[in-house]
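Data from entry03.pdb: PDB, C-alpha atoms, pLDDT in the B column
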ATOM      1  CA  MET A 319     131.278 139.967 126.187  1.00 39.00           C
ATOM      2  CA  THR A 320     132.528 137.832 129.065  1.00 37.00           C
ATOM      3  CA  LYS A 321     131.883 134.133 129.267  1.00 42.00           C
ATOM      4  CA  LEU A 322     130.458 132.851 132.545  1.00 42.00           C
ATOM      5  CA  LYS A 323     132.232 129.883 134.058  1.00 49.00           C
ATOM      6  CA  SER A 324     130.054 126.776 133.873  1.00 63.00           C
ATOM      7  CA  SER A 325     129.870 124.131 136.562  1.00 77.00           C
ATOM      8  CA  ALA A 326     129.314 120.383 136.664  1.00 78.00           C
ATOM      9  CA  SER A 327     125.656 120.968 137.552  1.00 86.00           C
ATOM     10  CA  ASP A 328     125.273 123.039 134.370  1.00 90.00           C
ATOM     11  CA  LEU A 329     126.639 120.150 132.349  1.00 93.00           C
ATOM     12  CA  PHE A 330     124.275 117.716 134.088  1.00 94.00           C
ATOM     13  CA  ALA A 331     121.348 120.022 133.284  1.00 94.00           C
ATOM     14  CA  ARG A 332     122.423 120.039 129.635  1.00 94.00           C
ATOM     15  CA  ALA A 333     122.678 116.251 129.650  1.00 95.00           C
ATOM     16  CA  VAL A 334     119.162 115.951 131.089  1.00 95.00           C
ATOM     17  CA  ARG A 335     117.824 118.303 128.383  1.00 96.00           C
ATOM     18  CA  ILE A 336     119.540 116.235 125.685  1.00 95.00           C
ATOM     19  CA  LEU A 337     118.135 112.987 127.099  1.00 95.00           C
ATOM     20  CA  GLY A 338     114.719 114.593 127.530  1.00 94.00           C
ATOM     21  CA  ARG A 339     114.355 114.999 123.771  1.00 95.00           C
ATOM     22  CA  ARG A 340     115.109 111.346 122.989  1.00 94.00           C
ATOM     23  CA  ASP A 341     117.047 108.418 124.387  1.00 95.00           C
ATOM     24  CA  HIS A 342     120.759 108.312 123.518  1.00 96.00           C
ATOM     25  CA  SER A 343     123.530 105.782 123.913  1.00 96.00           C
ATOM     26  CA  GLU A 344     126.359 106.634 126.298  1.00 96.00           C
ATOM     27  CA  ALA A 345     128.709 107.232 123.361  1.00 96.00           C
ATOM     28  CA  GLU A 346     126.260 109.646 121.707  1.00 96.00           C
ATOM     29  CA  LEU A 347     125.721 111.600 124.922  1.00 96.00           C
ATOM     30  CA  ARG A 348     129.464 111.732 125.615  1.00 96.00           C
ATOM     31  CA  GLN A 349     130.079 113.087 122.114  1.00 95.00           C
ATOM     32  CA  LYS A 350     127.449 115.800 122.584  1.00 95.00           C
ATOM     33  CA  LEU A 351     128.788 116.792 125.997  1.00 94.00           C
ATOM     34  CA  GLU A 352     132.365 117.027 124.715  1.00 94.00           C
ATOM     35  CA  ARG A 353     131.273 119.934 122.511  1.00 93.00           C
ATOM     36  CA  TYR A 354     130.953 122.091 125.625  1.00 89.00           C
ATOM     37  CA  ASP A 355     134.710 122.000 126.425  1.00 87.00           C
ATOM     38  CA  PHE A 356     134.433 120.609 129.934  1.00 90.00           C
ATOM     39  CA  PRO A 357     137.258 118.544 131.430  1.00 92.00           C
ATOM     40  CA  ALA A 358     136.944 114.806 130.862  1.00 92.00           C
ATOM     41  CA  SER A 359     136.541 114.232 134.608  1.00 93.00           C
ATOM     42  CA  ILE A 360     133.380 116.382 134.736  1.00 94.00           C
ATOM     43  CA  ILE A 361     131.986 114.699 131.629  1.00 94.00           C
ATOM     44  CA  ASN A 362     132.633 111.274 133.192  1.00 95.00           C
ATOM     45  CA  GLU A 363     130.979 112.413 136.422  1.00 95.00           C
ATOM     46  CA  THR A 364     127.943 113.642 134.490  1.00 96.00           C
ATOM     47  CA  ILE A 365     127.678 110.366 132.555  1.00 96.00           C
ATOM     48  CA  GLU A 366     127.859 108.383 135.813  1.00 97.00           C
ATOM     49  CA  ARG A 367     125.210 110.587 137.380  1.00 95.00           C
ATOM     50  CA  CYS A 368     122.915 110.002 134.382  1.00 96.00           C
ATOM     51  CA  HIS A 369     123.485 106.246 134.802  1.00 96.00           C
ATOM     52  CA  SER A 370     122.705 106.414 138.521  1.00 97.00           C
ATOM     53  CA  TYR A 371     119.343 108.077 137.836  1.00 96.00           C
ATOM     54  CA  ASN A 372     118.737 105.583 134.983  1.00 96.00           C
ATOM     55  CA  TYR A 373     118.420 108.472 132.534  1.00 96.00           C
ATOM     56  CA  LEU A 374     121.073 106.747 130.451  1.00 96.00           C
ATOM     57  CA  ASN A 375     120.905 103.020 129.751  1.00 97.00           C
ATOM     58  CA  ASP A 376     122.574 101.456 126.706  1.00 97.00           C
ATOM     59  CA  GLU A 377     120.631  98.212 127.065  1.00 96.00           C
ATOM     60  CA  ARG A 378     117.280 100.014 127.034  1.00 96.00           C
ATOM     61  CA  TYR A 379     118.445 102.182 124.128  1.00 97.00           C
ATOM     62  CA  ALA A 380     119.610  99.179 122.059  1.00 97.00           C
ATOM     63  CA  GLN A 381     116.343  97.316 122.672  1.00 96.00           C
ATOM     64  CA  ALA A 382     114.217 100.309 121.684  1.00 96.00           C
ATOM     65  CA  LYS A 383     116.311 101.132 118.606  1.00 96.00           C
ATOM     66  CA  SER A 384     116.213  97.496 117.394  1.00 96.00           C
ATOM     67  CA  ARG A 385     112.435  97.265 117.805  1.00 95.00           C
ATOM     68  CA  GLU A 386     111.926 100.632 116.131  1.00 95.00           C
ATOM     69  CA  MET A 387     114.045  99.713 113.108  1.00 95.00           C
ATOM     70  CA  LEU A 388     112.297  96.359 112.712  1.00 93.00           C
ATOM     71  CA  ARG A 389     108.814  97.771 113.222  1.00 92.00           C
ATOM     72  CA  ASN A 390     109.390 100.568 110.691  1.00 91.00           C
ATOM     73  CA  GLY A 391     111.021  98.254 108.161  1.00 88.00           C
ATOM     74  CA  ARG A 392     114.246 100.263 108.171  1.00 91.00           C
ATOM     75  CA  GLY A 393     116.429  97.279 108.845  1.00 91.00           C
ATOM     76  CA  VAL A 394     116.913  93.716 109.995  1.00 93.00           C
ATOM     77  CA  GLY A 395     119.880  91.638 111.131  1.00 92.00           C
ATOM     78  CA  PRO A 396     123.201  93.097 110.007  1.00 92.00           C
ATOM     79  CA  ARG A 397     121.669  96.488 109.185  1.00 94.00           C
ATOM     80  CA  ILE A 398     120.480  96.902 112.781  1.00 96.00           C
ATOM     81  CA  LEU A 399     123.811  95.675 114.183  1.00 96.00           C
ATOM     82  CA  LEU A 400     125.652  98.191 112.024  1.00 95.00           C
ATOM     83  CA  GLU A 401     123.419 101.042 113.212  1.00 96.00           C
ATOM     84  CA  LEU A 402     123.797 100.079 116.883  1.00 97.00           C
ATOM     85  CA  ARG A 403     127.588  99.823 116.580  1.00 96.00           C
ATOM     86  CA  ARG A 404     127.654 103.191 114.835  1.00 96.00           C
ATOM     87  CA  ARG A 405     125.853 104.644 117.850  1.00 96.00           C
ATOM     88  CA  GLY A 406     128.414 103.195 120.279  1.00 96.00           C
ATOM     89  CA  ILE A 407     126.594 100.078 121.490  1.00 97.00           C
ATOM     90  CA  LYS A 408     128.899  97.180 122.395  1.00 96.00           C
ATOM     91  CA  GLU A 409     128.798  94.114 120.138  1.00 96.00           C
ATOM     92  CA  ASN A 410     127.328  91.660 122.666  1.00 96.00           C
ATOM     93  CA  LEU A 411     124.635  94.126 123.735  1.00 97.00           C
ATOM     94  CA  ALA A 412     123.734  94.820 120.105  1.00 97.00           C
ATOM     95  CA  HIS A 413     123.353  91.089 119.384  1.00 96.00           C
ATOM     96  CA  GLU A 414     121.163  90.567 122.455  1.00 97.00           C
ATOM     97  CA  ALA A 415     118.931  93.516 121.515  1.00 96.00           C
ATOM     98  CA  LEU A 416     118.615  92.287 117.934  1.00 95.00           C
ATOM     99  CA  GLN A 417     117.739  88.759 119.032  1.00 96.00           C
ATOM    100  CA  SER A 418     115.126  90.035 121.465  1.00 95.00           C
ATOM    101  CA  ALA A 419     113.575  92.336 118.858  1.00 95.00           C
ATOM    102  CA  ALA A 420     113.535  89.562 116.223  1.00 93.00           C
ATOM    103  CA  GLU A 421     111.661  87.272 118.629  1.00 94.00           C
ATOM    104  CA  GLU A 422     109.103  90.003 119.237  1.00 94.00           C
ATOM    105  CA  ILE A 423     108.817  91.136 115.596  1.00 92.00           C
ATOM    106  CA  PRO A 424     109.717  88.326 113.146  1.00 93.00           C
ATOM    107  CA  PRO A 425     111.833  89.652 110.237  1.00 91.00           C
ATOM    108  CA  GLU A 426     109.766  87.582 107.783  1.00 92.00           C
ATOM    109  CA  ASP A 427     106.658  89.521 108.838  1.00 92.00           C
ATOM    110  CA  VAL A 428     108.559  92.777 108.342  1.00 93.00           C
ATOM    111  CA  PHE A 429     109.601  91.614 104.883  1.00 94.00           C
ATOM    112  CA  LEU A 430     106.040  90.762 103.856  1.00 92.00           C
ATOM    113  CA  GLN A 431     104.658  94.035 105.234  1.00 92.00           C
ATOM    114  CA  GLN A 432     107.292  96.049 103.384  1.00 93.00           C
ATOM    115  CA  LEU A 433     106.724  94.052 100.209  1.00 93.00           C
ATOM    116  CA  GLU A 434     103.008  94.806 100.312  1.00 92.00           C
ATOM    117  CA  ARG A 435     103.509  98.449 101.258  1.00 92.00           C
ATOM    118  CA  ARG A 436     106.284  99.325  98.814  1.00 93.00           C
ATOM    119  CA  PHE A 437     105.672  96.869  95.991  1.00 93.00           C
ATOM    120  CA  ALA A 438     101.972  95.984  96.139  1.00 90.00           C
ATOM    121  CA  GLY A 439     101.075  93.349  93.563  1.00 87.00           C
ATOM    122  CA  PHE A 440     104.695  92.446  92.841  1.00 90.00           C
ATOM    123  CA  CYS A 441     104.974  88.979  91.309  1.00 89.00           C
ATOM    124  CA  TYR A 442     108.499  87.616  91.065  1.00 89.00           C
ATOM    125  CA  GLY A 443     107.672  85.276  88.206  1.00 87.00           C
ATOM    126  CA  ALA A 444     106.020  87.958  86.055  1.00 89.00           C
ATOM    127  CA  ALA A 445     108.415  90.818  86.858  1.00 90.00           C
ATOM    128  CA  SER A 446     111.130  92.044  84.513  1.00 93.00           C
ATOM    129  CA  ASN A 447     114.765  91.595  85.479  1.00 94.00           C
ATOM    130  CA  LYS A 448     115.024  95.323  86.173  1.00 95.00           C
ATOM    131  CA  GLU A 449     112.039  95.230  88.523  1.00 94.00           C
ATOM    132  CA  ARG A 450     113.381  92.115  90.265  1.00 93.00           C
ATOM    133  CA  ARG A 451     116.759  93.809  90.824  1.00 95.00           C
ATOM    134  CA  ARG A 452     115.035  96.907  92.206  1.00 96.00           C
ATOM    135  CA  VAL A 453     113.009  94.880  94.738  1.00 95.00           C
ATOM    136  CA  VAL A 454     115.929  92.632  95.734  1.00 96.00           C
ATOM    137  CA  SER A 455     118.243  95.649  96.174  1.00 96.00           C
ATOM    138  CA  TYR A 456     115.666  97.381  98.362  1.00 96.00           C
ATOM    139  CA  PHE A 457     115.581  94.429 100.763  1.00 95.00           C
ATOM    140  CA  GLN A 458     119.353  93.904 100.679  1.00 95.00           C
ATOM    141  CA  ARG A 459     119.890  97.518 101.774  1.00 94.00           C
ATOM    142  CA  ARG A 460     117.693  96.792 104.780  1.00 94.00           C
ATOM    143  CA  GLY A 461     119.831  93.827 105.827  1.00 93.00           C
ATOM    144  CA  PHE A 462     117.979  90.812 104.439  1.00 94.00           C
ATOM    145  CA  ASP A 463     120.248  88.107 103.015  1.00 92.00           C
ATOM    146  CA  LEU A 464     119.735  86.958  99.421  1.00 94.00           C
ATOM    147  CA  GLY A 465     118.543  83.479 100.364  1.00 93.00           C
ATOM    148  CA  THR A 466     115.760  84.876 102.536  1.00 92.00           C
ATOM    149  CA  ILE A 467     114.791  87.457  99.923  1.00 94.00           C
ATOM    150  CA  PHE A 468     114.469  84.908  97.123  1.00 93.00           C
ATOM    151  CA  ALA A 469     112.708  82.351  99.308  1.00 92.00           C
ATOM    152  CA  LEU A 470     110.105  84.869 100.458  1.00 92.00           C
ATOM    153  CA  LEU A 471     109.613  86.428  97.021  1.00 92.00           C
ATOM    154  CA  LYS A 472     109.183  83.108  95.215  1.00 86.00           C
ATOM    155  CA  ASN A 473     106.895  81.591  97.875  1.00 81.00           C
ATOM    156  CA  ASN A 474     104.548  84.549  98.209  1.00 70.00           C
ATOM    157  CA  PRO A 475     102.465  85.207  95.115  1.00 63.00           C
ATOM    158  CA  PRO A 476     100.607  88.542  95.089  1.00 57.00           C
ATOM    159  CA  LEU A 477      97.134  88.647  96.611  1.00 50.00           C
ATOM    160  CA  ASP A 478      94.279  88.860  94.149  1.00 48.00           C
ATOM    161  CA  LYS A 479      92.766  92.323  94.281  1.00 46.00           C
ATOM    162  CA  LYS A 480      89.003  92.336  93.851  1.00 41.00           C
TER     163      LYS A 480
END

Translate the structure of the given file into structure tokens.
Amino acid sequence: MTKLKSSASDLFARAVRILGRRDHSEAELRQKLERYDFPASIINETIERCHSYNYLNDERYAQAKSREMLRNGRGVGPRILLELRRRGIKENLAHEALQSAAEEIPPEDVFLQQLERRFAGFCYGAASNKERRRVVSYFQRRGFDLGTIFALLKNNPPLDKK
């Protein structure tokens, strides 16, 4: 079986298909395109072409990823920054996206929504040490700092269920 020689337009078509499924950061797209064994110059040309058509935009990607993580309760603050850096977003861009998302979706609201959804009726004062550790660990893994966790848990008694 003979392999057909691929061209730069084939690589661009692949890039468009990849970006058509979901938004990617430049670093993610570059990593996926490198799997096709094209010269670096053609990969760079394809990345630039995607930028020129605005198919690829790290700022847009970082904003959307930050909002999504906050909205879904998957992370706040350092957890979001870590995820953005892991996906190749530059530090300053990650901080700007996080700040913008936090203004739009306050982390305290996310905390209270997750508390009600995951631990409905949880009362810090009445809970066992094991249960307290479980709840605190859950929120720490999502990027909340201990001070915020304890302040929100102690100041928010469970709602009376009628």

Is it possible to get the axis-aligned box enclosing segment 390-409 of chain A (all listed atoms, 4 Å extra per side) as JSON, with centre and edge lengths in Å rounded to one decimal?
{"center_x": 119.1, "center_y": 98.1, "center_z": 115.3, "size_x": 27.5, "size_y": 21.0, "size_z": 22.2}

For segment 339-404 of chain A against segment 440-462 of chain A, with a cut-off of 7 Å and counting all atoms listed in the file, what is the closest atom pair and its distance in Å to one decimal for every residue that makes the cut, ordered by chain and number, as a Markdown table?
| residue | atom | partner | partner_atom | distance |
| --- | --- | --- | --- | --- |
| A:Arg392 | CA | A:Arg460 | CA | 6.0 |
| A:Gly393 | CA | A:Arg460 | CA | 4.3 |
| A:Val394 | CA | A:Gly461 | CA | 5.1 |
| A:Gly395 | CA | A:Gly461 | CA | 5.7 |
| A:Pro396 | CA | A:Gly461 | CA | 5.4 |
| A:Arg397 | CA | A:Gly461 | CA | 4.7 |

Between atom CA of Thr364 of chain A and atom CA of Ser325 of chain A - distance in Å to one decimal =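 So the answer is 10.9 Å.
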
If you measure from atom CA of Ser384 of chain A to atom CA of Glu366 of chain A, what distance in Å do you get, rounded to one decimal?
->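 Value for the atom CA of Ser384 of chain A-atom CA of Glu366 of chain A distance: 24.4 Å.
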
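Using only C-alpha atoms, the smallest distance between any of A:Arg389, A:His342, A:Arg378, A:Lys383 and Glu422 of chain A comes from A:Arg389.
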
Dump as a PyMOL selection string all residues having an atom at most 12 Å from (121.7, 100.9, 113.6), computed in the file's coordinates with only C-alpha atoms.
-> chain A and resi 343+379-388+392-409+412-413+415-416+460-461

Interatomic distance between atom CA of Ile423 of chain A and atom CA of Ala345 of chain A?
->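 Pair atom CA of Ile423 of chain A / atom CA of Ala345 of chain A returns 26.7 Å.
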
Residue nearest Asp355 of chain A - candidates A:Thr466, A:His369, A:Gly338, A:Ala326, atoms counted: all atoms listed in the file = A:Ala326

In terms of all atoms listed in the file, the residue from A:Glu426, A:Asp341, A:Glu421, A:Asp328 at minimal distance from Asn372 of chain A is A:Asp341

Selected residue of minimal separation from Leu374 of chain A among A:Ala333, A:Leu351, A:Ala420, A:Glu414, counting all atoms listed in the file | A:Ala333

Applied to the shown file, which residues does the PyMOL selection byres ((chain A and resi 356) around 12) return, written as number ranges by chain?
-> A: 323-330, 348-355, 357-364

For segment 389-419 of chain A in the structure I just supplied, write out N, CA, C and O atoms - as a PDB file, in the first residue's frame.
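Saved the output as out.pdb:
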ATOM      1  N   ARG A 389     -18.720  27.709  36.080  1.00  0.00           N
ATOM      2  CA  ARG A 389     -20.152  27.427  35.985  1.00  0.00           C
ATOM      3  C   ARG A 389     -20.473  25.992  36.398  1.00  0.00           C
ATOM      4  O   ARG A 389     -21.458  25.734  37.069  1.00  0.00           O
ATOM      5  N   ASN A 390     -19.615  25.047  36.003  1.00  0.00           N
ATOM      6  CA  ASN A 390     -19.848  23.638  36.316  1.00  0.00           C
ATOM      7  C   ASN A 390     -19.321  23.224  37.679  1.00  0.00           C
ATOM      8  O   ASN A 390     -19.463  22.064  38.060  1.00  0.00           O
ATOM      9  N   GLY A 391     -18.687  24.152  38.384  1.00  0.00           N
ATOM     10  CA  GLY A 391     -18.164  23.839  39.712  1.00  0.00           C
ATOM     11  C   GLY A 391     -16.937  22.951  39.693  1.00  0.00           C
ATOM     12  O   GLY A 391     -16.598  22.352  40.708  1.00  0.00           O
ATOM     13  N   ARG A 392     -16.256  22.864  38.558  1.00  0.00           N
ATOM     14  CA  ARG A 392     -15.077  22.011  38.461  1.00  0.00           C
ATOM     15  C   ARG A 392     -13.813  22.680  38.962  1.00  0.00           C
ATOM     16  O   ARG A 392     -12.783  22.021  39.101  1.00  0.00           O
ATOM     17  N   GLY A 393     -13.875  23.978  39.206  1.00  0.00           N
ATOM     18  CA  GLY A 393     -12.684  24.631  39.698  1.00  0.00           C
ATOM     19  C   GLY A 393     -12.864  26.118  39.875  1.00  0.00           C
ATOM     20  O   GLY A 393     -13.761  26.721  39.282  1.00  0.00           O
ATOM     21  N   VAL A 394     -12.013  26.680  40.710  1.00  0.00           N
ATOM     22  CA  VAL A 394     -11.930  28.122  40.921  1.00  0.00           C
ATOM     23  C   VAL A 394     -10.443  28.463  41.066  1.00  0.00           C
ATOM     24  O   VAL A 394      -9.620  27.579  41.259  1.00  0.00           O
ATOM     25  N   GLY A 395     -10.138  29.730  40.961  1.00  0.00           N
ATOM     26  CA  GLY A 395      -8.796  30.242  41.236  1.00  0.00           C
ATOM     27  C   GLY A 395      -7.652  29.399  40.717  1.00  0.00           C
ATOM     28  O   GLY A 395      -7.503  29.191  39.507  1.00  0.00           O
ATOM     29  N   PRO A 396      -6.828  28.877  41.630  1.00  0.00           N
ATOM     30  CA  PRO A 396      -5.619  28.162  41.221  1.00  0.00           C
ATOM     31  C   PRO A 396      -5.909  26.910  40.393  1.00  0.00           C
ATOM     32  O   PRO A 396      -5.122  26.539  39.538  1.00  0.00           O
ATOM     33  N   ARG A 397      -7.042  26.290  40.624  1.00  0.00           N
ATOM     34  CA  ARG A 397      -7.394  25.082  39.850  1.00  0.00           C
ATOM     35  C   ARG A 397      -7.604  25.437  38.376  1.00  0.00           C
ATOM     36  O   ARG A 397      -7.176  24.716  37.474  1.00  0.00           O
ATOM     37  N   ILE A 398      -8.257  26.553  38.123  1.00  0.00           N
ATOM     38  CA  ILE A 398      -8.478  27.001  36.742  1.00  0.00           C
ATOM     39  C   ILE A 398      -7.158  27.423  36.108  1.00  0.00           C
ATOM     40  O   ILE A 398      -6.874  27.078  34.959  1.00  0.00           O
ATOM     41  N   LEU A 399      -6.336  28.165  36.861  1.00  0.00           N
ATOM     42  CA  LEU A 399      -5.026  28.577  36.328  1.00  0.00           C
ATOM     43  C   LEU A 399      -4.177  27.368  35.950  1.00  0.00           C
ATOM     44  O   LEU A 399      -3.542  27.350  34.891  1.00  0.00           O
ATOM     45  N   LEU A 400      -4.186  26.358  36.792  1.00  0.00           N
ATOM     46  CA  LEU A 400      -3.429  25.142  36.519  1.00  0.00           C
ATOM     47  C   LEU A 400      -3.924  24.478  35.234  1.00  0.00           C
ATOM     48  O   LEU A 400      -3.127  24.072  34.380  1.00  0.00           O
ATOM     49  N   GLU A 401      -5.225  24.382  35.068  1.00  0.00           N
ATOM     50  CA  GLU A 401      -5.798  23.751  33.876  1.00  0.00           C
ATOM     51  C   GLU A 401      -5.465  24.552  32.610  1.00  0.00           C
ATOM     52  O   GLU A 401      -5.124  23.971  31.579  1.00  0.00           O
ATOM     53  N   LEU A 402      -5.548  25.865  32.687  1.00  0.00           N
ATOM     54  CA  LEU A 402      -5.227  26.696  31.521  1.00  0.00           C
ATOM     55  C   LEU A 402      -3.752  26.580  31.150  1.00  0.00           C
ATOM     56  O   LEU A 402      -3.401  26.476  29.972  1.00  0.00           O
ATOM     57  N   ARG A 403      -2.876  26.594  32.151  1.00  0.00           N
ATOM     58  CA  ARG A 403      -1.440  26.441  31.879  1.00  0.00           C
ATOM     59  C   ARG A 403      -1.155  25.076  31.265  1.00  0.00           C
ATOM     60  O   ARG A 403      -0.343  24.949  30.347  1.00  0.00           O
ATOM     61  N   ARG A 404      -1.831  24.061  31.771  1.00  0.00           N
ATOM     62  CA  ARG A 404      -1.655  22.707  31.243  1.00  0.00           C
ATOM     63  C   ARG A 404      -2.039  22.640  29.771  1.00  0.00           C
ATOM     64  O   ARG A 404      -1.480  21.873  29.000  1.00  0.00           O
ATOM     65  N   ARG A 405      -2.970  23.473  29.370  1.00  0.00           N
ATOM     66  CA  ARG A 405      -3.435  23.495  27.980  1.00  0.00           C
ATOM     67  C   ARG A 405      -2.674  24.515  27.122  1.00  0.00           C
ATOM     68  O   ARG A 405      -3.076  24.799  26.008  1.00  0.00           O
ATOM     69  N   GLY A 406      -1.589  25.075  27.675  1.00  0.00           N
ATOM     70  CA  GLY A 406      -0.701  25.920  26.887  1.00  0.00           C
ATOM     71  C   GLY A 406      -1.049  27.396  26.861  1.00  0.00           C
ATOM     72  O   GLY A 406      -0.520  28.140  26.046  1.00  0.00           O
ATOM     73  N   ILE A 407      -1.905  27.850  27.762  1.00  0.00           N
ATOM     74  CA  ILE A 407      -2.271  29.262  27.816  1.00  0.00           C
ATOM     75  C   ILE A 407      -1.211  30.000  28.626  1.00  0.00           C
ATOM     76  O   ILE A 407      -0.814  29.554  29.703  1.00  0.00           O
ATOM     77  N   LYS A 408      -0.772  31.148  28.127  1.00  0.00           N
ATOM     78  CA  LYS A 408       0.247  31.944  28.815  1.00  0.00           C
ATOM     79  C   LYS A 408      -0.302  32.466  30.143  1.00  0.00           C
ATOM     80  O   LYS A 408      -1.495  32.723  30.290  1.00  0.00           O
ATOM     81  N   GLU A 409       0.612  32.652  31.087  1.00  0.00           N
ATOM     82  CA  GLU A 409       0.262  33.034  32.464  1.00  0.00           C
ATOM     83  C   GLU A 409      -0.607  34.287  32.529  1.00  0.00           C
ATOM     84  O   GLU A 409      -1.645  34.296  33.193  1.00  0.00           O
ATOM     85  N   ASN A 410      -0.200  35.360  31.855  1.00  0.00           N
ATOM     86  CA  ASN A 410      -0.955  36.614  31.939  1.00  0.00           C
ATOM     87  C   ASN A 410      -2.351  36.469  31.338  1.00  0.00           C
ATOM     88  O   ASN A 410      -3.327  36.994  31.864  1.00  0.00           O
ATOM     89  N   LEU A 411      -2.468  35.730  30.258  1.00  0.00           N
ATOM     90  CA  LEU A 411      -3.760  35.491  29.628  1.00  0.00           C
ATOM     91  C   LEU A 411      -4.659  34.644  30.526  1.00  0.00           C
ATOM     92  O   LEU A 411      -5.866  34.895  30.633  1.00  0.00           O
ATOM     93  N   ALA A 412      -4.075  33.672  31.189  1.00  0.00           N
ATOM     94  CA  ALA A 412      -4.835  32.822  32.117  1.00  0.00           C
ATOM     95  C   ALA A 412      -5.381  33.644  33.281  1.00  0.00           C
ATOM     96  O   ALA A 412      -6.549  33.497  33.667  1.00  0.00           O
ATOM     97  N   HIS A 413      -4.557  34.540  33.831  1.00  0.00           N
ATOM     98  CA  HIS A 413      -5.001  35.386  34.943  1.00  0.00           C
ATOM     99  C   HIS A 413      -6.132  36.323  34.510  1.00  0.00           C
ATOM    100  O   HIS A 413      -7.096  36.519  35.252  1.00  0.00           O
ATOM    101  N   GLU A 414      -5.991  36.912  33.328  1.00  0.00           N
ATOM    102  CA  GLU A 414      -7.040  37.808  32.827  1.00  0.00           C
ATOM    103  C   GLU A 414      -8.354  37.057  32.625  1.00  0.00           C
ATOM    104  O   GLU A 414      -9.424  37.553  32.988  1.00  0.00           O
ATOM    105  N   ALA A 415      -8.279  35.863  32.064  1.00  0.00           N
ATOM    106  CA  ALA A 415      -9.489  35.059  31.825  1.00  0.00           C
ATOM    107  C   ALA A 415     -10.136  34.667  33.143  1.00  0.00           C
ATOM    108  O   ALA A 415     -11.366  34.730  33.287  1.00  0.00           O
ATOM    109  N   LEU A 416      -9.319  34.287  34.117  1.00  0.00           N
ATOM    110  CA  LEU A 416      -9.854  33.908  35.426  1.00  0.00           C
ATOM    111  C   LEU A 416     -10.530  35.094  36.100  1.00  0.00           C
ATOM    112  O   LEU A 416     -11.635  34.970  36.646  1.00  0.00           O
ATOM    113  N   GLN A 417      -9.892  36.243  36.058  1.00  0.00           N
ATOM    114  CA  GLN A 417     -10.462  37.439  36.683  1.00  0.00           C
ATOM    115  C   GLN A 417     -11.789  37.804  36.022  1.00  0.00           C
ATOM    116  O   GLN A 417     -12.771  38.101  36.713  1.00  0.00           O
ATOM    117  N   SER A 418     -11.840  37.763  34.732  1.00  0.00           N
ATOM    118  CA  SER A 418     -13.062  38.078  33.999  1.00  0.00           C
ATOM    119  C   SER A 418     -14.181  37.092  34.346  1.00  0.00           C
ATOM    120  O   SER A 418     -15.330  37.481  34.585  1.00  0.00           O
ATOM    121  N   ALA A 419     -13.853  35.819  34.383  1.00  0.00           N
ATOM    122  CA  ALA A 419     -14.851  34.793  34.710  1.00  0.00           C
ATOM    123  C   ALA A 419     -15.340  34.938  36.146  1.00  0.00           C
ATOM    124  O   ALA A 419     -16.534  34.778  36.422  1.00  0.00           O
TER     125      ALA A 419
END
